[in-house]
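> This is the structure I have questions about; it appears just below.
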Amino acid sequence: LAQGVDTLDAAVEGCPESQPMARAHLLHCRGHAQTLLGGVWAVEGDDDYAVEWFEAALGDFSAVLDMPPSAVSKPCRASPLLGSIVCQLALRDRASAREALRQLRALGLLEASTRGSGYAYLTANVRQFLAEEEHAAEKKAAANAAQLI
């Protein structure tokens, strides 16, 4: 996996700025590979190294999300946002994870990204986070509705 990240590093560095879609795809892939490495190091008990990898992944996901819509279409933003949620939860930054979730909802991609076959790829802590946030949103909506009555 580390060799794969090295290969993706070279590919990202060699990708011309004139190819933003290719660059976005490479950054996205490298972000997910770094997320996997962060998870491996977390399981191994090396939290410092895990944090390094999760932060590197966040940098790649952010780079993709900062690209203009002409380079990264709305549907292609879902996976980097989910990757950001995974990393933010691993780094215990629920506020940033909540912001990524808000963006996913605002783009109208939450349902498609977290249901069906996509749900199987989500880790248990991400599933729990999504369920908690959905419950909180329902509770807030109910409270707002009660105020209107």
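By convention in this document, the chains of the structure tokens carry letters A, B, ... by their order, each chain's residues are numbered from 1, and ligands are numbered from 1 in the order they are shown.
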Using DSSP on the backbone coordinates, identify the residues of region 43-148 of chain A assigned to helix (DSSP H, G or I); present them as a PDB file with N, CA, C and O atoms, in the first residue's frame.

```pdb
ATOM      1  N   VAL A  43      -4.655   0.815  13.808  1.00  0.00           N
ATOM      2  CA  VAL A  43      -4.845  -0.544  14.332  1.00  0.00           C
ATOM      3  C   VAL A  43      -3.555  -1.059  14.970  1.00  0.00           C
ATOM      4  O   VAL A  43      -3.584  -1.734  15.995  1.00  0.00           O
ATOM      5  N   GLU A  44      -2.425  -0.707  14.369  1.00  0.00           N
ATOM      6  CA  GLU A  44      -1.123  -1.123  14.905  1.00  0.00           C
ATOM      7  C   GLU A  44      -0.761  -0.371  16.190  1.00  0.00           C
ATOM      8  O   GLU A  44       0.199  -0.729  16.862  1.00  0.00           O
ATOM      9  N   ASP A  47      -0.373   5.923  16.817  1.00  0.00           N
ATOM     10  CA  ASP A  47      -1.287   7.034  16.573  1.00  0.00           C
ATOM     11  C   ASP A  47      -0.628   8.203  15.862  1.00  0.00           C
ATOM     12  O   ASP A  47      -1.257   8.865  15.034  1.00  0.00           O
ATOM     13  N   ASP A  48       0.628   8.488  16.155  1.00  0.00           N
ATOM     14  CA  ASP A  48       1.306   9.612  15.505  1.00  0.00           C
ATOM     15  C   ASP A  48       1.401   9.389  14.000  1.00  0.00           C
ATOM     16  O   ASP A  48       1.144  10.303  13.209  1.00  0.00           O
ATOM     17  N   TYR A  49       1.777   8.196  13.612  1.00  0.00           N
ATOM     18  CA  TYR A  49       1.901   7.885  12.190  1.00  0.00           C
ATOM     19  C   TYR A  49       0.518   7.869  11.532  1.00  0.00           C
ATOM     20  O   TYR A  49       0.348   8.335  10.401  1.00  0.00           O
ATOM     21  N   ALA A  50      -0.474   7.355  12.251  1.00  0.00           N
ATOM     22  CA  ALA A  50      -1.841   7.336  11.725  1.00  0.00           C
ATOM     23  C   ALA A  50      -2.329   8.755  11.465  1.00  0.00           C
ATOM     24  O   ALA A  50      -2.895   9.037  10.399  1.00  0.00           O
ATOM     25  N   VAL A  51      -2.097   9.644  12.411  1.00  0.00           N
ATOM     26  CA  VAL A  51      -2.513  11.037  12.259  1.00  0.00           C
ATOM     27  C   VAL A  51      -1.860  11.654  11.026  1.00  0.00           C
ATOM     28  O   VAL A  51      -2.509  12.358  10.249  1.00  0.00           O
ATOM     29  N   GLU A  52      -0.579  11.366  10.837  1.00  0.00           N
ATOM     30  CA  GLU A  52       0.142  11.881   9.662  1.00  0.00           C
ATOM     31  C   GLU A  52      -0.549  11.474   8.364  1.00  0.00           C
ATOM     32  O   GLU A  52      -0.735  12.288   7.459  1.00  0.00           O
ATOM     33  N   TRP A  53      -0.916  10.206   8.275  1.00  0.00           N
ATOM     34  CA  TRP A  53      -1.560   9.710   7.060  1.00  0.00           C
ATOM     35  C   TRP A  53      -2.962  10.277   6.883  1.00  0.00           C
ATOM     36  O   TRP A  53      -3.364  10.626   5.766  1.00  0.00           O
ATOM     37  N   PHE A  54      -3.728  10.366   7.973  1.00  0.00           N
ATOM     38  CA  PHE A  54      -5.078  10.931   7.872  1.00  0.00           C
ATOM     39  C   PHE A  54      -5.015  12.400   7.459  1.00  0.00           C
ATOM     40  O   PHE A  54      -5.819  12.865   6.647  1.00  0.00           O
ATOM     41  N   GLU A  55      -4.059  13.142   7.997  1.00  0.00           N
ATOM     42  CA  GLU A  55      -3.921  14.550   7.628  1.00  0.00           C
ATOM     43  C   GLU A  55      -3.498  14.705   6.171  1.00  0.00           C
ATOM     44  O   GLU A  55      -3.968  15.604   5.474  1.00  0.00           O
ATOM     45  N   ALA A  56      -2.617  13.829   5.695  1.00  0.00           N
ATOM     46  CA  ALA A  56      -2.214  13.861   4.289  1.00  0.00           C
ATOM     47  C   ALA A  56      -3.416  13.572   3.387  1.00  0.00           C
ATOM     48  O   ALA A  56      -3.606  14.231   2.354  1.00  0.00           O
ATOM     49  N   ALA A  57      -4.231  12.613   3.783  1.00  0.00           N
ATOM     50  CA  ALA A  57      -5.434  12.287   3.008  1.00  0.00           C
ATOM     51  C   ALA A  57      -6.379  13.478   2.964  1.00  0.00           C
ATOM     52  O   ALA A  57      -6.925  13.809   1.902  1.00  0.00           O
ATOM     53  N   LEU A  58      -6.555  14.138   4.100  1.00  0.00           N
ATOM     54  CA  LEU A  58      -7.419  15.320   4.126  1.00  0.00           C
ATOM     55  C   LEU A  58      -6.914  16.395   3.176  1.00  0.00           C
ATOM     56  O   LEU A  58      -7.702  17.075   2.518  1.00  0.00           O
ATOM     57  N   GLY A  59      -5.599  16.550   3.097  1.00  0.00           N
ATOM     58  CA  GLY A  59      -5.031  17.523   2.167  1.00  0.00           C
ATOM     59  C   GLY A  59      -5.393  17.203   0.724  1.00  0.00           C
ATOM     60  O   GLY A  59      -5.746  18.101  -0.050  1.00  0.00           O
ATOM     61  N   ASP A  60      -5.338  15.918   0.373  1.00  0.00           N
ATOM     62  CA  ASP A  60      -5.697  15.526  -0.991  1.00  0.00           C
ATOM     63  C   ASP A  60      -7.188  15.695  -1.247  1.00  0.00           C
ATOM     64  O   ASP A  60      -7.592  16.201  -2.298  1.00  0.00           O
ATOM     65  N   PHE A  61      -8.005  15.290  -0.296  1.00  0.00           N
ATOM     66  CA  PHE A  61      -9.455  15.455  -0.475  1.00  0.00           C
ATOM     67  C   PHE A  61      -9.812  16.932  -0.589  1.00  0.00           C
ATOM     68  O   PHE A  61     -10.631  17.320  -1.425  1.00  0.00           O
ATOM     69  N   SER A  62      -9.192  17.764   0.230  1.00  0.00           N
ATOM     70  CA  SER A  62      -9.446  19.207   0.168  1.00  0.00           C
ATOM     71  C   SER A  62      -9.020  19.783  -1.172  1.00  0.00           C
ATOM     72  O   SER A  62      -9.715  20.641  -1.738  1.00  0.00           O
ATOM     73  N   ALA A  63      -7.892  19.325  -1.688  1.00  0.00           N
ATOM     74  CA  ALA A  63      -7.418  19.803  -2.988  1.00  0.00           C
ATOM     75  C   ALA A  63      -8.434  19.477  -4.087  1.00  0.00           C
ATOM     76  O   ALA A  63      -8.690  20.304  -4.969  1.00  0.00           O
ATOM     77  N   VAL A  64      -9.017  18.299  -4.021  1.00  0.00           N
ATOM     78  CA  VAL A  64     -10.031  17.915  -5.011  1.00  0.00           C
ATOM     79  C   VAL A  64     -11.273  18.797  -4.847  1.00  0.00           C
ATOM     80  O   VAL A  64     -11.806  19.331  -5.822  1.00  0.00           O
ATOM     81  N   LEU A  65     -11.706  18.968  -3.622  1.00  0.00           N
ATOM     82  CA  LEU A  65     -12.930  19.738  -3.369  1.00  0.00           C
ATOM     83  C   LEU A  65     -12.754  21.223  -3.665  1.00  0.00           C
ATOM     84  O   LEU A  65     -13.736  21.915  -3.937  1.00  0.00           O
ATOM     85  N   PRO A  75     -21.329  15.128  -8.745  1.00  0.00           N
ATOM     86  CA  PRO A  75     -21.317  13.744  -8.268  1.00  0.00           C
ATOM     87  C   PRO A  75     -19.924  13.247  -7.861  1.00  0.00           C
ATOM     88  O   PRO A  75     -19.791  12.405  -6.980  1.00  0.00           O
ATOM     89  N   CYS A  76     -18.884  13.789  -8.499  1.00  0.00           N
ATOM     90  CA  CYS A  76     -17.518  13.355  -8.189  1.00  0.00           C
ATOM     91  C   CYS A  76     -16.997  13.946  -6.884  1.00  0.00           C
ATOM     92  O   CYS A  76     -15.903  13.601  -6.436  1.00  0.00           O
ATOM     93  N   ARG A  77     -17.766  14.790  -6.252  1.00  0.00           N
ATOM     94  CA  ARG A  77     -17.367  15.380  -4.969  1.00  0.00           C
ATOM     95  C   ARG A  77     -17.804  14.514  -3.784  1.00  0.00           C
ATOM     96  O   ARG A  77     -17.328  14.696  -2.682  1.00  0.00           O
ATOM     97  N   ALA A  78     -18.680  13.567  -4.031  1.00  0.00           N
ATOM     98  CA  ALA A  78     -19.207  12.740  -2.942  1.00  0.00           C
ATOM     99  C   ALA A  78     -18.123  11.913  -2.261  1.00  0.00           C
ATOM    100  O   ALA A  78     -18.018  11.907  -1.032  1.00  0.00           O
ATOM    101  N   SER A  79     -17.318  11.210  -3.027  1.00  0.00           N
ATOM    102  CA  SER A  79     -16.318  10.327  -2.433  1.00  0.00           C
ATOM    103  C   SER A  79     -15.261  11.089  -1.632  1.00  0.00           C
ATOM    104  O   SER A  79     -14.930  10.681  -0.515  1.00  0.00           O
ATOM    105  N   PRO A  80     -14.719  12.213  -2.147  1.00  0.00           N
ATOM    106  CA  PRO A  80     -13.785  12.973  -1.301  1.00  0.00           C
ATOM    107  C   PRO A  80     -14.441  13.515  -0.025  1.00  0.00           C
ATOM    108  O   PRO A  80     -13.793  13.585   1.017  1.00  0.00           O
ATOM    109  N   LEU A  81     -15.714  13.858  -0.101  1.00  0.00           N
ATOM    110  CA  LEU A  81     -16.409  14.314   1.111  1.00  0.00           C
ATOM    111  C   LEU A  81     -16.555  13.176   2.108  1.00  0.00           C
ATOM    112  O   LEU A  81     -16.337  13.359   3.310  1.00  0.00           O
ATOM    113  N   LEU A  82     -16.911  11.985   1.618  1.00  0.00           N
ATOM    114  CA  LEU A  82     -16.999  10.834   2.520  1.00  0.00           C
ATOM    115  C   LEU A  82     -15.619  10.488   3.082  1.00  0.00           C
ATOM    116  O   LEU A  82     -15.489  10.164   4.261  1.00  0.00           O
ATOM    117  N   GLY A  83     -14.595  10.576   2.244  1.00  0.00           N
ATOM    118  CA  GLY A  83     -13.228  10.347   2.716  1.00  0.00           C
ATOM    119  C   GLY A  83     -12.846  11.345   3.797  1.00  0.00           C
ATOM    120  O   GLY A  83     -12.203  10.984   4.788  1.00  0.00           O
ATOM    121  N   SER A  84     -13.269  12.589   3.621  1.00  0.00           N
ATOM    122  CA  SER A  84     -13.005  13.614   4.636  1.00  0.00           C
ATOM    123  C   SER A  84     -13.689  13.266   5.954  1.00  0.00           C
ATOM    124  O   SER A  84     -13.102  13.431   7.020  1.00  0.00           O
ATOM    125  N   ILE A  85     -14.910  12.772   5.862  1.00  0.00           N
ATOM    126  CA  ILE A  85     -15.635  12.382   7.077  1.00  0.00           C
ATOM    127  C   ILE A  85     -14.885  11.263   7.788  1.00  0.00           C
ATOM    128  O   ILE A  85     -14.696  11.312   9.011  1.00  0.00           O
ATOM    129  N   VAL A  86     -14.437  10.270   7.049  1.00  0.00           N
ATOM    130  CA  VAL A  86     -13.683   9.152   7.637  1.00  0.00           C
ATOM    131  C   VAL A  86     -12.458   9.687   8.377  1.00  0.00           C
ATOM    132  O   VAL A  86     -12.199   9.335   9.535  1.00  0.00           O
ATOM    133  N   CYS A  87     -11.702  10.541   7.706  1.00  0.00           N
ATOM    134  CA  CYS A  87     -10.464  11.076   8.310  1.00  0.00           C
ATOM    135  C   CYS A  87     -10.766  11.964   9.510  1.00  0.00           C
ATOM    136  O   CYS A  87     -10.095  11.861  10.546  1.00  0.00           O
ATOM    137  N   GLN A  88     -11.755  12.834   9.383  1.00  0.00           N
ATOM    138  CA  GLN A  88     -12.081  13.740  10.493  1.00  0.00           C
ATOM    139  C   GLN A  88     -12.529  12.950  11.723  1.00  0.00           C
ATOM    140  O   GLN A  88     -12.162  13.294  12.851  1.00  0.00           O
ATOM    141  N   LEU A  89     -13.303  11.906  11.515  1.00  0.00           N
ATOM    142  CA  LEU A  89     -13.722  11.083  12.656  1.00  0.00           C
ATOM    143  C   LEU A  89     -12.526  10.365  13.269  1.00  0.00           C
ATOM    144  O   LEU A  89     -12.419  10.252  14.487  1.00  0.00           O
ATOM    145  N   ALA A  90     -11.606   9.895  12.425  1.00  0.00           N
ATOM    146  CA  ALA A  90     -10.400   9.236  12.936  1.00  0.00           C
ATOM    147  C   ALA A  90      -9.555  10.220  13.745  1.00  0.00           C
ATOM    148  O   ALA A  90      -8.912   9.833  14.727  1.00  0.00           O
ATOM    149  N   ARG A  94     -15.217  16.027  15.110  1.00  0.00           N
ATOM    150  CA  ARG A  94     -16.608  15.857  14.705  1.00  0.00           C
ATOM    151  C   ARG A  94     -17.179  17.113  14.038  1.00  0.00           C
ATOM    152  O   ARG A  94     -18.021  17.022  13.161  1.00  0.00           O
ATOM    153  N   ALA A  95     -16.714  18.286  14.445  1.00  0.00           N
ATOM    154  CA  ALA A  95     -17.223  19.523  13.840  1.00  0.00           C
ATOM    155  C   ALA A  95     -16.877  19.567  12.350  1.00  0.00           C
ATOM    156  O   ALA A  95     -17.727  19.919  11.525  1.00  0.00           O
ATOM    157  N   SER A  96     -15.661  19.216  11.998  1.00  0.00           N
ATOM    158  CA  SER A  96     -15.270  19.212  10.583  1.00  0.00           C
ATOM    159  C   SER A  96     -15.982  18.090   9.830  1.00  0.00           C
ATOM    160  O   SER A  96     -16.353  18.263   8.665  1.00  0.00           O
ATOM    161  N   ALA A  97     -16.168  16.952  10.480  1.00  0.00           N
ATOM    162  CA  ALA A  97     -16.915  15.859   9.852  1.00  0.00           C
ATOM    163  C   ALA A  97     -18.357  16.302   9.595  1.00  0.00           C
ATOM    164  O   ALA A  97     -18.926  16.012   8.538  1.00  0.00           O
ATOM    165  N   ARG A  98     -18.921  17.028  10.540  1.00  0.00           N
ATOM    166  CA  ARG A  98     -20.286  17.537  10.393  1.00  0.00           C
ATOM    167  C   ARG A  98     -20.362  18.523   9.215  1.00  0.00           C
ATOM    168  O   ARG A  98     -21.329  18.528   8.461  1.00  0.00           O
ATOM    169  N   GLU A  99     -19.328  19.346   9.041  1.00  0.00           N
ATOM    170  CA  GLU A  99     -19.296  20.290   7.917  1.00  0.00           C
ATOM    171  C   GLU A  99     -19.217  19.545   6.585  1.00  0.00           C
ATOM    172  O   GLU A  99     -19.895  19.910   5.622  1.00  0.00           O
ATOM    173  N   ALA A 100     -18.426  18.505   6.498  1.00  0.00           N
ATOM    174  CA  ALA A 100     -18.354  17.705   5.270  1.00  0.00           C
ATOM    175  C   ALA A 100     -19.706  17.045   4.996  1.00  0.00           C
ATOM    176  O   ALA A 100     -20.150  16.983   3.840  1.00  0.00           O
ATOM    177  N   LEU A 101     -20.362  16.592   6.039  1.00  0.00           N
ATOM    178  CA  LEU A 101     -21.692  16.000   5.889  1.00  0.00           C
ATOM    179  C   LEU A 101     -22.685  17.052   5.392  1.00  0.00           C
ATOM    180  O   LEU A 101     -23.507  16.780   4.514  1.00  0.00           O
ATOM    181  N   ARG A 102     -22.588  18.274   5.917  1.00  0.00           N
ATOM    182  CA  ARG A 102     -23.458  19.363   5.479  1.00  0.00           C
ATOM    183  C   ARG A 102     -23.258  19.623   3.981  1.00  0.00           C
ATOM    184  O   ARG A 102     -24.216  19.781   3.235  1.00  0.00           O
ATOM    185  N   GLN A 103     -22.012  19.613   3.542  1.00  0.00           N
ATOM    186  CA  GLN A 103     -21.718  19.825   2.120  1.00  0.00           C
ATOM    187  C   GLN A 103     -22.281  18.692   1.269  1.00  0.00           C
ATOM    188  O   GLN A 103     -22.827  18.935   0.185  1.00  0.00           O
ATOM    189  N   LEU A 104     -22.161  17.479   1.761  1.00  0.00           N
ATOM    190  CA  LEU A 104     -22.697  16.323   1.047  1.00  0.00           C
ATOM    191  C   LEU A 104     -24.213  16.455   0.894  1.00  0.00           C
ATOM    192  O   LEU A 104     -24.763  16.212  -0.185  1.00  0.00           O
ATOM    193  N   ARG A 105     -24.864  16.882   1.960  1.00  0.00           N
ATOM    194  CA  ARG A 105     -26.317  17.105   1.900  1.00  0.00           C
ATOM    195  C   ARG A 105     -26.656  18.243   0.939  1.00  0.00           C
ATOM    196  O   ARG A 105     -27.596  18.142   0.157  1.00  0.00           O
ATOM    197  N   ALA A 106     -25.910  19.346   1.028  1.00  0.00           N
ATOM    198  CA  ALA A 106     -26.184  20.520   0.194  1.00  0.00           C
ATOM    199  C   ALA A 106     -26.064  20.184  -1.290  1.00  0.00           C
ATOM    200  O   ALA A 106     -26.789  20.749  -2.118  1.00  0.00           O
ATOM    201  N   LEU A 110     -26.057  12.920  -0.413  1.00  0.00           N
ATOM    202  CA  LEU A 110     -25.991  12.072   0.778  1.00  0.00           C
ATOM    203  C   LEU A 110     -26.680  10.737   0.559  1.00  0.00           C
ATOM    204  O   LEU A 110     -26.106   9.684   0.818  1.00  0.00           O
ATOM    205  N   GLU A 111     -27.890  10.775   0.084  1.00  0.00           N
ATOM    206  CA  GLU A 111     -28.669   9.539  -0.092  1.00  0.00           C
ATOM    207  C   GLU A 111     -27.968   8.558  -1.026  1.00  0.00           C
ATOM    208  O   GLU A 111     -27.788   7.390  -0.704  1.00  0.00           O
ATOM    209  N   ALA A 112     -27.541   9.041  -2.174  1.00  0.00           N
ATOM    210  CA  ALA A 112     -26.887   8.164  -3.158  1.00  0.00           C
ATOM    211  C   ALA A 112     -25.547   7.636  -2.649  1.00  0.00           C
ATOM    212  O   ALA A 112     -25.142   6.532  -2.989  1.00  0.00           O
ATOM    213  N   SER A 113     -24.870   8.423  -1.822  1.00  0.00           N
ATOM    214  CA  SER A 113     -23.533   8.037  -1.351  1.00  0.00           C
ATOM    215  C   SER A 113     -23.559   7.044  -0.206  1.00  0.00           C
ATOM    216  O   SER A 113     -22.579   6.346   0.028  1.00  0.00           O
ATOM    217  N   THR A 114     -24.636   7.008   0.523  1.00  0.00           N
ATOM    218  CA  THR A 114     -24.648   6.213   1.752  1.00  0.00           C
ATOM    219  C   THR A 114     -25.702   5.114   1.755  1.00  0.00           C
ATOM    220  O   THR A 114     -25.922   4.487   2.776  1.00  0.00           O
ATOM    221  N   SER A 117     -25.177  -0.115  -2.352  1.00  0.00           N
ATOM    222  CA  SER A 117     -23.836  -0.691  -2.337  1.00  0.00           C
ATOM    223  C   SER A 117     -22.827   0.238  -1.666  1.00  0.00           C
ATOM    224  O   SER A 117     -21.850  -0.225  -1.089  1.00  0.00           O
ATOM    225  N   GLY A 118     -23.052   1.551  -1.730  1.00  0.00           N
ATOM    226  CA  GLY A 118     -22.134   2.493  -1.085  1.00  0.00           C
ATOM    227  C   GLY A 118     -22.099   2.332   0.420  1.00  0.00           C
ATOM    228  O   GLY A 118     -21.063   2.533   1.052  1.00  0.00           O
ATOM    229  N   TYR A 119     -23.212   1.932   1.015  1.00  0.00           N
ATOM    230  CA  TYR A 119     -23.277   1.793   2.468  1.00  0.00           C
ATOM    231  C   TYR A 119     -22.338   0.709   2.971  1.00  0.00           C
ATOM    232  O   TYR A 119     -21.759   0.826   4.039  1.00  0.00           O
ATOM    233  N   ALA A 120     -22.159  -0.326   2.183  1.00  0.00           N
ATOM    234  CA  ALA A 120     -21.308  -1.446   2.595  1.00  0.00           C
ATOM    235  C   ALA A 120     -19.854  -1.021   2.780  1.00  0.00           C
ATOM    236  O   ALA A 120     -19.119  -1.640   3.548  1.00  0.00           O
ATOM    237  N   ALA A 124     -17.894   1.311  10.462  1.00  0.00           N
ATOM    238  CA  ALA A 124     -18.906   1.337  11.516  1.00  0.00           C
ATOM    239  C   ALA A 124     -18.990   2.709  12.183  1.00  0.00           C
ATOM    240  O   ALA A 124     -20.095   3.192  12.466  1.00  0.00           O
ATOM    241  N   ASN A 125     -17.842   3.362  12.402  1.00  0.00           N
ATOM    242  CA  ASN A 125     -17.911   4.664  13.069  1.00  0.00           C
ATOM    243  C   ASN A 125     -18.546   5.723  12.165  1.00  0.00           C
ATOM    244  O   ASN A 125     -19.236   6.612  12.650  1.00  0.00           O
ATOM    245  N   VAL A 126     -18.370   5.606  10.854  1.00  0.00           N
ATOM    246  CA  VAL A 126     -19.020   6.543   9.934  1.00  0.00           C
ATOM    247  C   VAL A 126     -20.518   6.265   9.892  1.00  0.00           C
ATOM    248  O   VAL A 126     -21.324   7.197   9.913  1.00  0.00           O
ATOM    249  N   ARG A 127     -20.889   5.009   9.880  1.00  0.00           N
ATOM    250  CA  ARG A 127     -22.317   4.662   9.911  1.00  0.00           C
ATOM    251  C   ARG A 127     -22.975   5.203  11.172  1.00  0.00           C
ATOM    252  O   ARG A 127     -24.073   5.760  11.123  1.00  0.00           O
ATOM    253  N   GLN A 128     -22.299   5.032  12.303  1.00  0.00           N
ATOM    254  CA  GLN A 128     -22.841   5.529  13.569  1.00  0.00           C
ATOM    255  C   GLN A 128     -22.946   7.052  13.538  1.00  0.00           C
ATOM    256  O   GLN A 128     -23.958   7.617  13.948  1.00  0.00           O
ATOM    257  N   PHE A 129     -21.922   7.720  13.038  1.00  0.00           N
ATOM    258  CA  PHE A 129     -21.933   9.176  12.932  1.00  0.00           C
ATOM    259  C   PHE A 129     -23.102   9.640  12.067  1.00  0.00           C
ATOM    260  O   PHE A 129     -23.838  10.554  12.441  1.00  0.00           O
ATOM    261  N   LEU A 130     -23.297   9.009  10.907  1.00  0.00           N
ATOM    262  CA  LEU A 130     -24.400   9.386  10.024  1.00  0.00           C
ATOM    263  C   LEU A 130     -25.747   9.175  10.698  1.00  0.00           C
ATOM    264  O   LEU A 130     -26.645  10.013  10.588  1.00  0.00           O
ATOM    265  N   ALA A 131     -25.891   8.076  11.414  1.00  0.00           N
ATOM    266  CA  ALA A 131     -27.151   7.800  12.120  1.00  0.00           C
ATOM    267  C   ALA A 131     -27.398   8.835  13.216  1.00  0.00           C
ATOM    268  O   ALA A 131     -28.516   9.336  13.369  1.00  0.00           O
ATOM    269  N   GLU A 132     -26.357   9.180  13.968  1.00  0.00           N
ATOM    270  CA  GLU A 132     -26.496  10.188  15.025  1.00  0.00           C
ATOM    271  C   GLU A 132     -26.868  11.549  14.447  1.00  0.00           C
ATOM    272  O   GLU A 132     -27.720  12.254  14.983  1.00  0.00           O
ATOM    273  N   GLU A 133     -26.224  11.915  13.344  1.00  0.00           N
ATOM    274  CA  GLU A 133     -26.503  13.208  12.717  1.00  0.00           C
ATOM    275  C   GLU A 133     -27.913  13.242  12.129  1.00  0.00           C
ATOM    276  O   GLU A 133     -28.593  14.259  12.201  1.00  0.00           O
ATOM    277  N   GLU A 134     -28.336  12.130  11.550  1.00  0.00           N
ATOM    278  CA  GLU A 134     -29.694  12.054  11.005  1.00  0.00           C
ATOM    279  C   GLU A 134     -30.722  12.186  12.129  1.00  0.00           C
ATOM    280  O   GLU A 134     -31.708  12.904  12.004  1.00  0.00           O
ATOM    281  N   HIS A 135     -30.455  11.517  13.253  1.00  0.00           N
ATOM    282  CA  HIS A 135     -31.352  11.603  14.404  1.00  0.00           C
ATOM    283  C   HIS A 135     -31.395  13.039  14.934  1.00  0.00           C
ATOM    284  O   HIS A 135     -32.476  13.556  15.245  1.00  0.00           O
ATOM    285  N   ALA A 136     -30.251  13.680  15.029  1.00  0.00           N
ATOM    286  CA  ALA A 136     -30.194  15.062  15.511  1.00  0.00           C
ATOM    287  C   ALA A 136     -30.958  15.997  14.573  1.00  0.00           C
ATOM    288  O   ALA A 136     -31.667  16.908  15.024  1.00  0.00           O
ATOM    289  N   ALA A 137     -30.836  15.779  13.265  1.00  0.00           N
ATOM    290  CA  ALA A 137     -31.541  16.606  12.285  1.00  0.00           C
ATOM    291  C   ALA A 137     -33.056  16.410  12.403  1.00  0.00           C
ATOM    292  O   ALA A 137     -33.824  17.374  12.327  1.00  0.00           O
ATOM    293  N   GLU A 138     -33.484  15.160  12.596  1.00  0.00           N
ATOM    294  CA  GLU A 138     -34.916  14.880  12.763  1.00  0.00           C
ATOM    295  C   GLU A 138     -35.446  15.533  14.034  1.00  0.00           C
ATOM    296  O   GLU A 138     -36.535  16.095  14.039  1.00  0.00           O
ATOM    297  N   LYS A 139     -34.660  15.457  15.100  1.00  0.00           N
ATOM    298  CA  LYS A 139     -35.060  16.052  16.372  1.00  0.00           C
ATOM    299  C   LYS A 139     -35.183  17.578  16.234  1.00  0.00           C
ATOM    300  O   LYS A 139     -36.133  18.173  16.728  1.00  0.00           O
ATOM    301  N   LYS A 140     -34.233  18.180  15.527  1.00  0.00           N
ATOM    302  CA  LYS A 140     -34.257  19.628  15.311  1.00  0.00           C
ATOM    303  C   LYS A 140     -35.460  20.025  14.456  1.00  0.00           C
ATOM    304  O   LYS A 140     -36.133  21.020  14.739  1.00  0.00           O
ATOM    305  N   ALA A 141     -35.747  19.244  13.428  1.00  0.00           N
ATOM    306  CA  ALA A 141     -36.895  19.523  12.569  1.00  0.00           C
ATOM    307  C   ALA A 141     -38.195  19.424  13.348  1.00  0.00           C
ATOM    308  O   ALA A 141     -39.097  20.254  13.184  1.00  0.00           O
ATOM    309  N   ALA A 142     -38.287  18.431  14.220  1.00  0.00           N
ATOM    310  CA  ALA A 142     -39.487  18.277  15.047  1.00  0.00           C
ATOM    311  C   ALA A 142     -39.642  19.463  16.001  1.00  0.00           C
ATOM    312  O   ALA A 142     -40.752  19.973  16.203  1.00  0.00           O
ATOM    313  N   ALA A 143     -38.539  19.906  16.582  1.00  0.00           N
ATOM    314  CA  ALA A 143     -38.590  21.058  17.495  1.00  0.00           C
ATOM    315  C   ALA A 143     -39.002  22.317  16.741  1.00  0.00           C
ATOM    316  O   ALA A 143     -39.796  23.114  17.249  1.00  0.00           O
ATOM    317  N   ASN A 144     -38.471  22.490  15.539  1.00  0.00           N
ATOM    318  CA  ASN A 144     -38.856  23.654  14.716  1.00  0.00           C
ATOM    319  C   ASN A 144     -40.323  23.604  14.344  1.00  0.00           C
ATOM    320  O   ASN A 144     -41.004  24.629  14.349  1.00  0.00           O
ATOM    321  N   ALA A 145     -40.817  22.409  14.016  1.00  0.00           N
ATOM    322  CA  ALA A 145     -42.233  22.257  13.671  1.00  0.00           C
ATOM    323  C   ALA A 145     -43.111  22.561  14.877  1.00  0.00           C
ATOM    324  O   ALA A 145     -44.172  23.182  14.738  1.00  0.00           O
ATOM    325  N   ALA A 146     -42.675  22.146  16.053  1.00  0.00           N
ATOM    326  CA  ALA A 146     -43.450  22.395  17.269  1.00  0.00           C
ATOM    327  C   ALA A 146     -43.524  23.899  17.566  1.00  0.00           C
ATOM    328  O   ALA A 146     -44.541  24.384  18.062  1.00  0.00           O
ATOM    329  N   GLN A 147     -42.479  24.622  17.246  1.00  0.00           N
ATOM    330  CA  GLN A 147     -42.474  26.074  17.467  1.00  0.00           C
ATOM    331  C   GLN A 147     -43.445  26.774  16.532  1.00  0.00           C
ATOM    332  O   GLN A 147     -43.998  27.811  16.884  1.00  0.00           O
ATOM    333  N   LEU A 148     -43.652  26.229  15.354  1.00  0.00           N
ATOM    334  CA  LEU A 148     -44.561  26.827  14.399  1.00  0.00           C
ATOM    335  C   LEU A 148     -46.029  26.652  14.789  1.00  0.00           C
ATOM    336  O   LEU A 148     -46.883  27.389  14.351  1.00  0.00           O
TER     337      LEU A 148
END
```
> So which one's closest to Ser73 (chain A), A:Gly39, A:Pro20, A:Gly4, A:Gly14? Using only C-alpha atoms, please.
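For Ser73 (chain A), the nearest of the given residues is A:Pro20.
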> Measuring between only C-alpha atoms, which one of A:Leu1, A:Val12, A:Ile149, A:Leu27 shows the shortest distance to Val72 (chain A)?
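Residue with the minimum atom-to-atom distance to Val72 (chain A): A:Leu27.
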> For Cys29 (chain A), which of A:Asp66, A:Glu17, A:Asp6, A:Asp93 is the closest residue, counting only C-alpha atoms?
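Closest to Cys29 (chain A), using only C-alpha atoms: A:Asp6.
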> Suppose you want the space between CA of Val40 (chain A) and CA of Arg92 (chain A); what is it in Å?
16.7 Å
